[in-house]
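Visitor: Following this line is protein-v5.cif, made up of mmCIF, C-alpha atoms:
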data_target
#
loop_
_atom_site.label_atom_id
_atom_site.label_comp_id
_atom_site.auth_asym_id
_atom_site.auth_seq_id
_atom_site.Cartn_x
_atom_site.Cartn_y
_atom_site.Cartn_z
CA MET J 14 18.14 -16.89 14.36
CA LEU J 15 16.35 -13.90 12.83
CA ARG J 16 13.94 -16.19 10.98
CA LEU J 17 13.22 -18.07 14.20
CA ILE J 18 12.45 -14.80 16.02
CA ILE J 19 10.19 -13.54 13.24
CA PHE J 20 8.32 -16.86 13.06
CA SER J 21 7.91 -16.96 16.85
CA VAL J 22 6.58 -13.39 17.02
CA ILE J 23 4.05 -14.03 14.25
CA TYR J 24 3.05 -17.30 15.91
CA VAL J 25 2.51 -15.67 19.33
CA VAL J 26 0.55 -12.68 17.96
CA ALA J 27 -1.67 -14.92 15.82
CA SER J 28 -2.21 -17.31 18.74
CA VAL J 29 -3.25 -14.51 21.12
CA TYR J 30 -5.77 -13.14 18.63
CA ALA J 31 -7.02 -16.64 17.77
CA PHE J 32 -7.46 -17.39 21.48
CA GLN J 33 -9.89 -14.49 21.70
CA ILE J 34 -11.86 -16.06 18.87
CA PHE J 35 -11.72 -19.41 20.65
CA LYS J 36 -13.05 -17.83 23.87
CA THR J 37 -15.97 -16.38 21.94
CA VAL J 38 -16.95 -19.84 20.75
CA THR J 39 -16.61 -21.75 24.03
CA LYS J 40 -16.91 -20.78 27.67
CA SER J 41 -15.33 -24.03 28.83
CA SER J 42 -12.21 -23.15 30.80
CA TRP J 43 -10.82 -26.66 30.21
CA LEU J 44 -10.98 -26.26 26.45
CA GLN J 45 -9.42 -22.82 26.71
CA TYR J 46 -6.58 -24.15 28.86
CA ALA J 47 -6.11 -27.05 26.46
CA TYR J 48 -5.80 -24.62 23.54
CA ILE J 49 -3.21 -22.53 25.41
CA LEU J 50 -1.25 -25.64 26.38
CA LEU J 51 -1.26 -26.94 22.81
CA THR J 52 -0.01 -23.68 21.32
CA VAL J 53 2.71 -23.31 23.95
CA VAL J 54 3.91 -26.92 23.62
CA ILE J 55 4.07 -26.72 19.82
CA LEU J 56 5.99 -23.42 19.85
CA GLY J 57 8.27 -24.58 22.65
CA ASN J 58 9.12 -27.78 20.80
CA PHE J 59 9.77 -25.81 17.63
CA ILE J 60 12.15 -23.39 19.38
CA TYR J 61 13.95 -26.23 21.18
CA LYS J 62 14.54 -28.21 18.00
CA PHE J 63 16.02 -25.18 16.29
CA ASN J 64 18.34 -24.23 19.13
CA PHE J 65 19.78 -27.57 20.20
CA GLY J 66 21.38 -30.49 18.41
CA GLU J 67 21.52 -28.90 14.96
CA GLY J 68 22.25 -31.73 12.53
CA ALA J 69 23.22 -34.01 15.43
CA HIS J 70 21.85 -37.19 13.91
CA THR J 71 19.19 -38.43 11.54
CA GLY J 72 16.65 -39.11 14.30
CA PHE J 73 16.95 -35.54 15.51
CA THR J 74 16.51 -34.26 11.96
CA VAL J 75 13.23 -36.17 11.64
CA ALA J 76 12.03 -34.84 15.01
CA LYS J 77 12.97 -31.34 13.91
CA SER J 78 10.95 -31.66 10.72
CA TYR J 79 7.88 -32.72 12.71
CA ALA J 80 8.36 -29.70 14.98
CA VAL J 81 8.25 -27.58 11.82
CA GLY J 82 5.18 -29.43 10.55
CA PHE J 83 3.06 -29.08 13.68
CA SER J 84 4.06 -25.46 14.27
CA LEU J 85 3.28 -24.63 10.63
CA ALA J 86 -0.13 -26.33 10.86
CA MET J 87 -0.96 -24.44 14.06
CA LEU J 88 0.22 -21.14 12.64
CA VAL J 89 -1.89 -21.58 9.51
CA PHE J 90 -4.91 -22.48 11.64
CA ASN J 91 -4.51 -19.35 13.75
CA LEU J 92 -3.76 -17.04 10.82
CA VAL J 93 -6.74 -18.18 8.75
CA ALA J 94 -9.10 -17.74 11.71
CA VAL J 95 -7.65 -14.33 12.53
CA ILE J 96 -7.70 -13.07 8.94
CA PHE J 97 -11.34 -14.14 8.52
CA VAL J 98 -12.55 -12.41 11.69
CA PHE J 99 -10.31 -9.39 11.19
CA SER J 100 -11.67 -8.96 7.66
CA GLU J 101 -15.18 -8.97 9.09
CA ASP J 102 -14.08 -6.35 11.65
CA ILE J 103 -12.89 -4.11 8.83
CA VAL J 104 -16.19 -4.52 6.95
CA ARG J 105 -18.14 -3.79 10.15
CA LEU J 106 -15.99 -0.70 10.80
CA ILE J 107 -16.59 0.63 7.30
CA THR J 108 -20.30 -0.12 7.60
CA GLY J 109 -20.45 1.62 10.98
CA VAL J 110 -18.72 4.72 9.61
CA TYR J 111 -21.15 4.76 6.68
CA PHE J 112 -24.22 4.60 8.92
CA ARG J 113 -22.82 7.31 11.18
CA LEU J 114 -22.14 9.62 8.23
CA THR J 115 -25.53 9.02 6.61
CA GLY J 116 -27.48 9.15 9.84
CA GLU J 117 -29.01 5.73 9.21
CA LYS J 118 -29.42 3.34 12.09
CA LYS J 119 -28.80 -0.37 12.03
CA VAL J 120 -28.90 -2.65 15.03
CA PHE J 121 -26.37 -5.48 15.32
CA ASN J 122 -26.64 -8.26 17.83
CA LEU J 123 -22.88 -8.09 18.29
CA PRO J 124 -22.32 -10.94 20.76
CA GLU J 125 -24.32 -13.45 18.73
CA ARG J 126 -22.94 -12.18 15.43
CA ARG J 127 -19.41 -12.40 16.76
CA ARG J 128 -19.91 -15.95 18.00
CA PHE J 129 -21.43 -17.04 14.69
CA LEU J 130 -18.56 -15.56 12.68
CA SER J 131 -16.01 -17.05 15.06
CA LEU J 132 -17.52 -20.50 14.54
CA ILE J 133 -17.29 -20.04 10.77
CA ALA J 134 -13.70 -18.78 11.08
CA LEU J 135 -12.62 -21.80 13.12
CA GLY J 136 -14.42 -24.11 10.70
CA ILE J 137 -12.65 -22.60 7.70
CA ALA J 138 -9.29 -22.62 9.52
CA SER J 139 -9.68 -26.31 10.29
CA LEU J 140 -9.57 -27.16 6.56
CA PRO J 141 -5.92 -26.20 5.87
CA PHE J 142 -5.02 -27.38 9.38
CA GLY J 143 -6.48 -30.82 8.65
CA ALA J 144 -4.87 -30.87 5.18
CA LEU J 145 -1.42 -30.19 6.64
CA LEU J 146 -1.86 -32.92 9.24
CA TYR J 147 -3.04 -35.35 6.53
CA GLY J 148 -0.01 -34.41 4.44
CA MET J 149 2.23 -35.40 7.35
CA TYR J 150 0.37 -38.64 8.02
CA ARG J 151 -0.33 -39.95 4.52
CA GLY J 152 0.54 -37.43 1.80
CA LYS J 153 4.32 -37.65 2.04
CA TYR J 154 4.27 -41.32 0.99
CA ASN J 155 1.41 -41.08 -1.52
CA PHE J 156 3.68 -42.05 -4.42
CA LYS J 157 2.40 -41.44 -7.94
CA VAL J 158 3.75 -42.85 -11.21
CA LEU J 159 3.42 -40.18 -13.92
CA LYS J 160 3.85 -41.37 -17.50
CA TYR J 161 4.66 -39.30 -20.57
CA ASP J 162 5.24 -40.09 -24.25
CA LEU J 163 7.54 -37.53 -25.87
CA GLU J 164 7.97 -37.29 -29.64
CA PHE J 165 11.14 -36.24 -31.45
CA ASP J 166 11.97 -35.69 -35.10
CA ASP J 167 15.48 -37.08 -34.84
CA LEU J 168 15.21 -39.90 -32.33
CA PRO J 169 17.60 -42.72 -33.34
CA LYS J 170 15.40 -45.49 -34.73
CA ASN J 171 16.56 -48.17 -32.30
CA PHE J 172 15.43 -46.01 -29.38
CA GLU J 173 11.77 -46.00 -30.40
CA GLY J 174 9.83 -46.88 -27.23
CA TYR J 175 12.85 -46.42 -24.97
CA LYS J 176 11.68 -46.04 -21.36
CA ILE J 177 13.30 -43.75 -18.82
CA THR J 178 12.42 -43.73 -15.14
CA GLN J 179 13.37 -40.52 -13.34
CA ILE J 180 13.40 -39.96 -9.59
CA SER J 181 14.68 -36.88 -7.82
CA ASP J 182 15.11 -35.29 -4.39
CA ILE J 183 15.22 -38.38 -2.21
CA HIS J 184 16.17 -36.42 0.95
CA SER J 185 16.79 -39.62 2.87
CA GLY J 186 17.46 -37.79 6.14
CA SER J 187 13.74 -37.05 6.43
CA PHE J 188 12.44 -40.63 6.07
CA ASP J 189 10.67 -42.30 9.00
CA ASN J 190 8.88 -45.30 7.48
CA ARG J 191 10.91 -48.18 6.03
CA GLU J 192 7.84 -50.07 4.79
CA LYS J 193 6.67 -47.12 2.69
CA ILE J 194 10.11 -46.57 1.16
CA SER J 195 10.39 -50.28 0.37
CA TYR J 196 7.02 -50.08 -1.38
CA ALA J 197 8.24 -47.13 -3.47
CA ILE J 198 11.43 -48.96 -4.46
CA ASP J 199 9.34 -51.91 -5.66
CA LEU J 200 7.08 -49.50 -7.55
CA ILE J 201 10.07 -48.03 -9.37
CA ASN J 202 11.37 -51.46 -10.35
CA GLU J 203 7.92 -52.52 -11.56
CA GLN J 204 8.17 -49.92 -14.34
CA GLN J 205 10.88 -52.12 -15.96
CA SER J 206 12.45 -49.13 -17.66
CA ASP J 207 15.53 -49.25 -19.85
CA VAL J 208 17.43 -46.74 -17.73
CA LEU J 209 17.01 -45.15 -14.29
CA LEU J 210 18.06 -41.51 -13.80
CA PHE J 211 18.31 -39.77 -10.43
CA THR J 212 18.54 -35.99 -10.57
CA GLY J 213 20.04 -34.98 -7.24
CA ASP J 214 19.52 -34.31 -3.52
CA MET J 215 20.06 -37.79 -2.14
CA VAL J 216 20.42 -36.38 1.40
CA ASN J 217 19.45 -33.29 3.34
CA ASN J 218 22.97 -32.51 4.51
CA LYS J 219 25.12 -35.51 5.40
CA ALA J 220 26.07 -38.77 3.71
CA GLU J 221 25.27 -40.70 6.90
CA GLU J 222 21.58 -39.97 6.37
CA MET J 223 21.60 -42.49 3.53
CA TYR J 224 23.16 -45.35 5.50
CA PRO J 225 19.86 -46.81 6.85
CA TRP J 226 18.39 -46.80 3.33
CA LYS J 227 21.42 -47.93 1.35
CA ASP J 228 20.24 -51.53 0.98
CA LEU J 229 16.80 -50.50 -0.30
CA PHE J 230 18.03 -48.06 -2.94
CA GLY J 231 20.72 -50.54 -3.89
CA LYS J 232 17.90 -52.78 -5.13
CA LEU J 233 16.91 -50.29 -7.84
CA SER J 234 17.65 -51.68 -11.27
CA ALA J 235 17.30 -50.92 -14.97
CA LYS J 236 18.48 -52.70 -18.11
CA ASP J 237 21.01 -50.05 -19.11
CA GLY J 238 21.98 -49.08 -15.57
CA LYS J 239 21.24 -46.20 -13.24
CA PHE J 240 22.86 -42.77 -13.36
CA SER J 241 22.86 -39.80 -11.02
CA VAL J 242 23.91 -36.18 -10.53
CA LEU J 243 24.33 -34.02 -7.44
CA GLY J 244 21.77 -31.56 -6.10
CA ASN J 245 22.35 -28.49 -3.96
CA HIS J 246 21.77 -30.37 -0.68
CA ASP J 247 24.34 -33.04 -1.49
CA TYR J 248 27.30 -30.68 -1.00
CA GLY J 249 26.69 -30.21 2.74
CA ASP J 250 26.43 -26.43 2.40
CA TYR J 251 23.53 -26.04 4.84
CA VAL J 252 25.18 -27.25 8.07
CA GLN J 253 28.19 -26.05 10.00
CA TRP J 254 31.32 -28.18 9.81
CA ASP J 255 34.18 -28.05 12.29
CA THR J 256 36.64 -28.02 9.41
CA GLU J 257 36.51 -27.71 5.64
CA LYS J 258 38.18 -31.10 5.48
CA LEU J 259 35.20 -32.77 7.15
CA LYS J 260 32.87 -31.16 4.64
CA LYS J 261 34.94 -32.43 1.72
CA GLU J 262 35.12 -35.90 3.27
CA ASN J 263 31.34 -35.92 3.60
CA LEU J 264 30.95 -35.22 -0.12
CA GLU J 265 33.43 -37.96 -0.97
CA ASP J 266 31.54 -40.35 1.30
CA LEU J 267 28.34 -39.55 -0.56
CA LYS J 268 29.98 -40.09 -3.94
CA ASN J 269 31.33 -43.46 -2.79
CA LEU J 270 27.96 -44.38 -1.34
CA GLN J 271 26.26 -43.75 -4.65
CA LYS J 272 28.81 -45.97 -6.35
CA GLU J 273 28.22 -48.73 -3.80
CA MET J 274 24.47 -48.54 -4.52
CA GLY J 275 25.16 -49.00 -8.22
CA PHE J 276 24.75 -45.42 -9.44
CA ASP J 277 27.09 -44.00 -12.07
CA LEU J 278 27.49 -40.45 -10.75
CA LEU J 279 28.05 -37.91 -13.54
CA LEU J 280 30.12 -34.94 -12.38
CA ASN J 281 30.08 -32.66 -15.42
CA GLU J 282 30.51 -35.78 -17.54
CA SER J 283 28.76 -37.75 -20.26
CA ARG J 284 28.02 -41.35 -21.17
CA TYR J 285 26.47 -43.05 -24.19
CA LEU J 286 23.42 -45.29 -24.13
CA LYS J 287 23.59 -47.72 -27.04
CA ARG J 288 21.12 -49.75 -29.05
CA GLY J 289 22.83 -51.57 -31.89
CA GLU J 290 24.46 -48.99 -34.16
CA ASN J 291 22.46 -46.15 -32.56
CA LYS J 292 23.34 -44.16 -29.46
CA ILE J 293 22.04 -41.40 -27.19
CA ALA J 294 24.30 -39.04 -25.26
CA LEU J 295 23.55 -38.84 -21.54
CA VAL J 296 25.02 -35.66 -20.06
CA GLY J 297 25.15 -34.93 -16.33
CA VAL J 298 26.08 -31.61 -14.73
CA GLU J 299 26.72 -30.72 -11.12
CA ASN J 300 24.27 -28.36 -9.45
CA TRP J 301 23.65 -25.01 -11.09
CA GLY J 302 20.90 -22.79 -9.69
CA LYS J 303 19.91 -19.16 -9.98
CA GLY J 304 20.10 -16.83 -7.00
CA GLY J 305 22.21 -17.99 -4.10
CA PHE J 306 22.35 -21.66 -5.09
CA LYS J 307 25.63 -23.40 -5.91
CA LYS J 308 26.83 -23.01 -9.47
CA ALA J 309 29.18 -25.98 -9.87
CA GLY J 310 27.59 -27.12 -13.11
CA ASN J 311 29.72 -26.77 -16.24
CA LEU J 312 27.68 -27.58 -19.33
CA LYS J 313 30.55 -27.16 -21.79
CA LYS J 314 32.78 -29.48 -19.82
CA ALA J 315 30.02 -32.05 -19.35
CA ALA J 316 29.37 -32.22 -23.12
CA SER J 317 32.99 -31.97 -24.22
CA ASN J 318 32.99 -35.56 -25.52
CA VAL J 319 29.56 -35.28 -27.15
CA ALA J 320 28.94 -34.35 -30.78
CA LYS J 321 26.59 -31.49 -31.57
CA SER J 322 24.56 -33.79 -33.82
CA ASP J 323 23.98 -36.41 -31.10
CA PHE J 324 20.58 -36.95 -29.57
CA LYS J 325 21.10 -35.64 -26.03
CA ILE J 326 19.50 -36.13 -22.62
CA LEU J 327 20.70 -33.77 -19.89
CA MET J 328 20.48 -34.36 -16.14
CA SER J 329 20.55 -31.06 -14.25
CA HIS J 330 19.09 -30.76 -10.77
CA ASP J 331 17.76 -27.19 -10.85
CA PRO J 332 15.30 -26.21 -13.63
CA SER J 333 16.53 -22.61 -13.55
CA HIS J 334 19.67 -23.96 -15.27
CA TRP J 335 17.53 -25.04 -18.22
CA GLU J 336 15.77 -21.68 -18.34
CA GLN J 337 18.88 -19.52 -18.15
CA LYS J 338 21.57 -21.62 -19.83
CA VAL J 339 20.52 -24.86 -21.48
CA ILE J 340 17.82 -23.83 -23.93
CA HIS J 341 20.05 -21.04 -25.25
CA ASP J 342 23.12 -23.23 -25.65
CA ASP J 343 24.57 -23.94 -29.10
CA TYR J 344 23.98 -27.62 -28.47
CA HIS J 345 20.40 -28.78 -28.78
CA TYR J 346 19.48 -30.70 -25.62
CA HIS J 347 16.46 -32.71 -26.64
CA LEU J 348 15.36 -33.60 -23.11
CA THR J 349 16.44 -32.20 -19.76
CA LEU J 350 15.52 -33.87 -16.47
CA SER J 351 15.40 -31.77 -13.30
CA GLY J 352 13.85 -31.68 -9.84
CA HIS J 353 14.68 -29.32 -6.95
CA THR J 354 11.35 -27.48 -6.57
CA HIS J 355 9.36 -30.32 -4.89
CA GLY J 356 6.34 -28.44 -6.23
CA MET J 357 6.78 -26.80 -2.79
CA GLN J 358 5.13 -30.01 -1.44
CA PHE J 359 1.89 -28.03 -1.44
CA GLY J 360 -0.59 -27.11 -4.14
CA ILE J 361 -3.60 -28.11 -6.17
CA GLU J 362 -3.47 -30.42 -9.17
CA ILE J 363 -6.13 -31.82 -11.46
CA PRO J 364 -4.10 -34.09 -13.78
CA GLY J 365 -4.15 -32.96 -17.40
CA TRP J 366 -6.10 -29.81 -16.63
CA PHE J 367 -4.87 -27.62 -13.80
CA LYS J 368 -1.92 -27.25 -11.45
CA TRP J 369 -0.99 -24.53 -9.02
CA SER J 370 1.52 -24.06 -6.23
CA PRO J 371 3.07 -20.97 -4.60
CA VAL J 372 6.41 -22.18 -5.94
CA LYS J 373 5.37 -20.90 -9.38
CA TRP J 374 6.18 -17.40 -8.15
CA ARG J 375 9.81 -18.51 -7.73
CA TYR J 376 10.24 -20.94 -10.65
CA LYS J 377 8.74 -20.60 -14.11
CA TYR J 378 9.20 -24.32 -14.70
CA TRP J 379 8.25 -26.07 -11.48
CA ALA J 380 6.46 -29.38 -12.15
CA GLY J 381 5.88 -31.63 -15.13
CA ILE J 382 6.70 -31.37 -18.83
CA TYR J 383 7.49 -28.08 -20.57
CA LYS J 384 8.69 -27.37 -24.12
CA GLU J 385 10.66 -24.35 -25.31
CA MET J 386 12.58 -23.82 -28.54
CA GLY J 387 12.00 -27.43 -29.57
CA GLN J 388 13.48 -28.77 -26.32
CA TYR J 389 11.71 -30.58 -23.47
CA ILE J 390 12.22 -30.47 -19.73
CA ASN J 391 10.60 -32.60 -17.06
CA VAL J 392 10.64 -31.14 -13.55
CA ASN J 393 10.10 -34.03 -11.18
CA ARG J 394 8.09 -33.19 -8.05
CA GLY J 395 10.49 -35.17 -5.89
CA PHE J 396 10.57 -38.54 -4.17
CA GLY J 397 11.04 -37.30 -0.62
CA TYR J 398 10.45 -34.17 1.40
CA ILE J 399 12.30 -31.67 3.55
CA GLY J 400 11.32 -28.96 6.03
CA TYR J 401 7.60 -29.59 6.30
CA PRO J 402 7.39 -33.40 6.75
CA GLY J 403 4.51 -33.93 4.38
CA ARG J 404 2.84 -33.19 1.08
CA VAL J 405 -0.55 -31.67 0.29
CA GLY J 406 -1.83 -31.92 -3.28
CA ILE J 407 1.66 -32.23 -4.79
CA TRP J 408 2.47 -35.90 -4.32
CA PRO J 409 5.84 -37.70 -4.43
CA GLU J 410 6.62 -38.62 -8.01
CA ILE J 411 8.10 -41.42 -10.05
CA THR J 412 8.35 -40.30 -13.67
CA VAL J 413 8.32 -42.70 -16.62
CA ILE J 414 9.12 -41.13 -20.00
CA THR J 415 8.83 -43.10 -23.23
CA LEU J 416 10.74 -41.74 -26.23
CA ARG J 417 8.86 -41.77 -29.52
CA SER J 418 9.78 -40.93 -33.09
CA LYS J 419 7.43 -38.58 -34.92
CA SER J 420 8.10 -40.40 -38.16
CA LEU J 421 6.51 -43.55 -36.69
CA THR J 422 3.39 -41.88 -35.28
#
Since I need it in another form, could you write the structure as structure tokens?

Guide:
Amino acid sequence: MLRLIIFSVIYVVASVYAFQIFKTVTKSSWLQYAYILLTVVILGNFIYKFNFGEGAHTGFTVAKSYAVGFSLAMLVFNLVAVIFVFSEDIVRLITGVYFRLTGEKKVFNLPERRRFLSLIALGIASLPFGALLYGMYRGKYNFKVLKYDLEFDDLPKNFEGYKITQISDIHSGSFDNREKISYAIDLINEQQSDVLLFTGDMVNNKAEEMYPWKDLFGKLSAKDGKFSVLGNHDYGDYVQWDTEKLKKENLEDLKNLQKEMGFDLLLNESRYLKRGENKIALVGVENWGKGGFKKAGNLKKAASNVAKSDFKILMSHDPSHWEQKVIHDDYHYHLTLSGHTHGMQFGIEIPGWFKWSPVKWRYKYWAGIYKEMGQYINVNRGFGYIGYPGRVGIWPEITVITLRSKSLT
């Protein structure tokens, strides 16, 4: 509730100030009324969605996410316009004080200057506003296949060229376009990888969110099977349950659902992938995240049946686990696959050259391949989305990793 109040106050204050800027640009009362109506409707819808029907059903969850998206877009538009004009006010104040102290005189055509700057402010504000709307319309389903070749000194020889497809953070409760999801499923299968690994967050909160999509994700296939782990959202911790029993039943329903779709869910467990006389250990932990996130992951237990000398691939939803626990473990985990961050669903990327997102201030390892202490991690940007129903610059990802032996390159 406190977050809702804070957001609403900021939204109203920014809207009032932005309306003054809007009035400076246009004298049309109809346009002014339209602006007021738009801001009120967007805020009203946002408040309604957050006060009624919390987690009632999947359709409501989707509507709620759009309420977040439109209110966020409008808030950003207002804030950018306000900050631009307010910054100019500060500069003009400082300049005015300077001229008063020095006795110099400078004449400003304030009304015309103000209108010109207001036009520029609204023009600049329209850029992130338009980007956020585009992210909701097209960006959230702008699936990208990212391919990496990773070299290892001790890769078992029969696994040269072994292909892994990783997906993460499906968040099925947010989906609203079956055709786009079907396209993505086909795109995953087209990679014809040896194994498919899903690294957590199949739903936003409830197992029922996956029911409409069960048949599509059941079509996913790979030669050596498909494996999964749980993410923080899969435990149902972010909604209120009438009883603890219902919460536990929800988790069991999700586990059974994954099995029905053909996933081998690893709950602090391991499996072996085999090629002839060679093998790779596949280790899967439950969620472990820094801060207030669930710490159900038990690395020692998960690898209890794995030899220290084995070539190991670890599935762990939250990359902070790799940073704080995995890379310092006695076992050498050659490759860890994570997700969780979504790349914040917002940022700037120029493939192979530059990437930036505000999420980097929270997570050191937030998107793509990293290497520390001779160990790799891939942080998948996520298949789906949550909260803001879109993506800007950080697109939904399907990762394909090919294992290579250094001795053969």

Visitor: Report, in Å to a single decimal, how far apart atom CA of J:Asn64 and atom CA of J:Arg191 are.

Guide: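 Between atom CA of J:Arg191 and atom CA of J:Asn64 the gap is 28.3 Å.
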
Visitor: With distances taken over all atoms listed in the file, which residue among J:Leu416, J:Val392, J:Ile49, J:Leu243 lies nearest J:Pro169?

Guide: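 For J:Pro169, the nearest of the given residues is J:Leu416.
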
Visitor: Give as a ChimeraX atom specification the residues that the PyMOL selection byres ((chain J and resi 25-38) around 12) matches when applied to the coordinates above.

Guide: /J:18-24,39-53,55-57,84,87-99,123-136,138

Visitor: Hey, which bits of stretch 181-279 of chain J sit within 12 Å of stretch 302-318 of chain J, and for each residue what's the closest pair of atoms and how far apart in Å (one decimal), counting only C-alpha atoms, rows by chain and increasing number, as a Markdown table?

Guide:
| residue | atom | partner | partner_atom | distance |
| --- | --- | --- | --- | --- |
| J:Val242 | CA | J:Gly310 | CA | 10.1 |
| J:Leu243 | CA | J:Gly310 | CA | 9.5 |
| J:Gly244 | CA | J:Lys307 | CA | 9.0 |
| J:Asn245 | CA | J:Lys307 | CA | 6.4 |
| J:His246 | CA | J:Lys307 | CA | 9.5 |
| J:Asp247 | CA | J:Lys307 | CA | 10.7 |
| J:Tyr248 | CA | J:Lys307 | CA | 8.9 |
| J:Gly249 | CA | J:Lys307 | CA | 11.1 |
| J:Asp250 | CA | J:Lys307 | CA | 8.9 |
| J:Tyr251 | CA | J:Phe306 | CA | 10.9 |
| J:Leu279 | CA | J:Ala315 | CA | 8.5 |

Visitor: J:Trp335: which residues within 12 Å, counting only C-alpha atoms, same-chain residues fewer than 6 positions away excluded, as number ranges by chain?

Guide: J: 298, 300-303, 310, 312, 327-329, 341-342, 345-352, 376-379, 383-386, 388-392

Visitor: For the structure shown, which residues end up in the PyMOL selection byres ((chain J and resi 201-208) around 7)? Put them as a list of chain:residue names, please?

Guide: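 Evaluating the PyMOL selection byres ((chain J and resi 201-208) around 7) on these coordinates yields J:Tyr175, J:Lys176, J:Ile177, J:Thr178, J:Ala197, J:Ile198, J:Asp199, J:Leu200, J:Leu209, J:Leu210, J:Leu233, J:Ser234, J:Ala235, J:Lys236, J:Asp237, J:Gly238, J:Lys239, J:Ile411.
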
Visitor: With the file shown as input, list the residues that the PyMOL selection byres ((chain J and resi 220-229) around 8) selects, as a list in words.

Guide: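 Written out, the selection comes to Thr71, Ser185, Gly186, Ile194, Ser195, Ile198, Met215, Val216, Asn217, Asn218, Lys219, Phe230, Gly231, Lys232, Leu233, Asp247, Asn263, Leu264, Asp266, Leu267, Leu270 and Met274 of chain J.
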